[in-house]
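Okay, so here's the structure we're looking at.
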Amino acid sequence: MNSRPLKWVALLPLLTLLSACSTHHVLVKKADMEAANQCLLAQQQRDLTFEQQQQQIAEALELLRQSIELQQQDEQALRDLVESERDGRESRGAGGECAQGLALPVPGDAMDKKVVGAKERVLLTDLGIVLQSRVDTGATTSSMDAREIEIFERNGEEWVRFKIHDPDLDQLVELERPRSRKVRIIQASSEDVEKRPVVEMRITMGSLTQMAEFTLSDRSHMEFPLLIGRNVLRDVMLVDVARDNITEPKPPKPSDVDKSTDE
């Protein structure tokens, strides 16, 4: 009669142990699943970030490609204009018409202009000094490297005494010129306004000699001692930005210099 309850009492510890082992096994599997889910989410986030980066790189490359194409189109348009000028000169010599008997669509004044590059050697005609220059169509007035600038009065007028560097002699040459005017320059790095004197200098580019205004400032920290702006280029020159040093300055004859002085 009492043997059955005794058997259950004996099995009770074993059942308890089996139950505990089963519960622990389930908890371990849930932890593994959570870790796996976190790992999967992290991988998905990395994949999404990588796709976004790839898209940004693709967009940047597309913008760069478009920019290069626009630059090439501008350069090609300029080359076409130069070629049209050259063809126009040849066609005028042959009767003013092209092979098909049609007039070339070249502006009338363009064929009389000198083509210069983005960098040109410029002769300071009265001094015999040649300086390397940068041609900048965005600059209104040309600029020249000048040191030890001094304003003084002569016969009731303002003059400027300054020195320029002769690269051949590697020494400074002192000059004096009447001051034409002053220009106000606002520096990009500050709000200070700088007043620079302006003088006239005779220069030669290629076969063209002219009097031109130059602002004087210390450009010793810059690559080019001379900057040629629109006041020199206007009405007489075209700029081919894809080329450098197209022309070599040819000193004018003394009679031509005297004639330009009289004018």
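Numbering starts fresh at 1 for the residues of each chain in the structure tokens, the chains themselves are lettered A, B, ... in the order given, and ligands are numbered from 1 as they appear.
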
request  = Give me the residues within 10 Å of segment 140-148 of chain A as a PyMOL selection string, counting only C-alpha atoms and dropping any in the same chain fewer than 6 places off.
outcome  = chain A and resi 131+133-134+161-165+172-175+183+198-199+201+212-222+224-234

request  = With a distance cut-off of 10 Å and only C-alpha atoms, select the neighbouring residues of Asp126 of chain A, excluding the residue or stretch itself and same-chain residues fewer than 6 positions from it, and output the selection as number ranges by chain.
outcome  = A: 201-204, 251, 257

Output the selection as a PDB file, in the first residue's frame - N, CA, C and O atoms for each residue.
ATOM      1  N   MET A 201      52.220 102.803 -68.115  1.00  0.00           N
ATOM      2  CA  MET A 201      53.453 102.197 -68.608  1.00  0.00           C
ATOM      3  C   MET A 201      53.248 101.780 -70.060  1.00  0.00           C
ATOM      4  O   MET A 201      52.150 101.368 -70.447  1.00  0.00           O
ATOM      5  N   ARG A 202      54.313 101.879 -70.848  1.00  0.00           N
ATOM      6  CA  ARG A 202      54.251 101.410 -72.238  1.00  0.00           C
ATOM      7  C   ARG A 202      54.673  99.945 -72.273  1.00  0.00           C
ATOM      8  O   ARG A 202      55.749  99.587 -71.777  1.00  0.00           O
ATOM      9  N   ILE A 203      53.834  99.102 -72.847  1.00  0.00           N
ATOM     10  CA  ILE A 203      54.126  97.671 -72.907  1.00  0.00           C
ATOM     11  C   ILE A 203      53.984  97.169 -74.334  1.00  0.00           C
ATOM     12  O   ILE A 203      53.314  97.782 -75.170  1.00  0.00           O
ATOM     13  N   THR A 204      54.634  96.036 -74.604  1.00  0.00           N
ATOM     14  CA  THR A 204      54.548  95.384 -75.902  1.00  0.00           C
ATOM     15  C   THR A 204      54.198  93.921 -75.699  1.00  0.00           C
ATOM     16  O   THR A 204      54.876  93.207 -74.957  1.00  0.00           O
ATOM     17  N   PRO A 251      60.016  94.368 -80.043  1.00  0.00           N
ATOM     18  CA  PRO A 251      60.190  95.793 -79.761  1.00  0.00           C
ATOM     19  C   PRO A 251      59.854  96.640 -80.988  1.00  0.00           C
ATOM     20  O   PRO A 251      60.263  96.315 -82.107  1.00  0.00           O
ATOM     21  N   VAL A 257      57.531 104.330 -81.756  1.00  0.00           N
ATOM     22  CA  VAL A 257      57.381 104.763 -80.366  1.00  0.00           C
ATOM     23  C   VAL A 257      57.159 106.261 -80.299  1.00  0.00           C
ATOM     24  O   VAL A 257      56.300 106.762 -79.575  1.00  0.00           O
TER      25      VAL A 257
END

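Between atom CA of Glu153 of chain A and atom CA of Arg181 of chain A the interatomic distance comes to 13.8 Å.
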
key: Interatomic distance (Å, one decimal) between atom CA of Gln43 of chain A and atom CA of Ala60 of chain A   =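 Taking atom CA of Gln43 of chain A and atom CA of Ala60 of chain A, their separation equals 25.7 Å.
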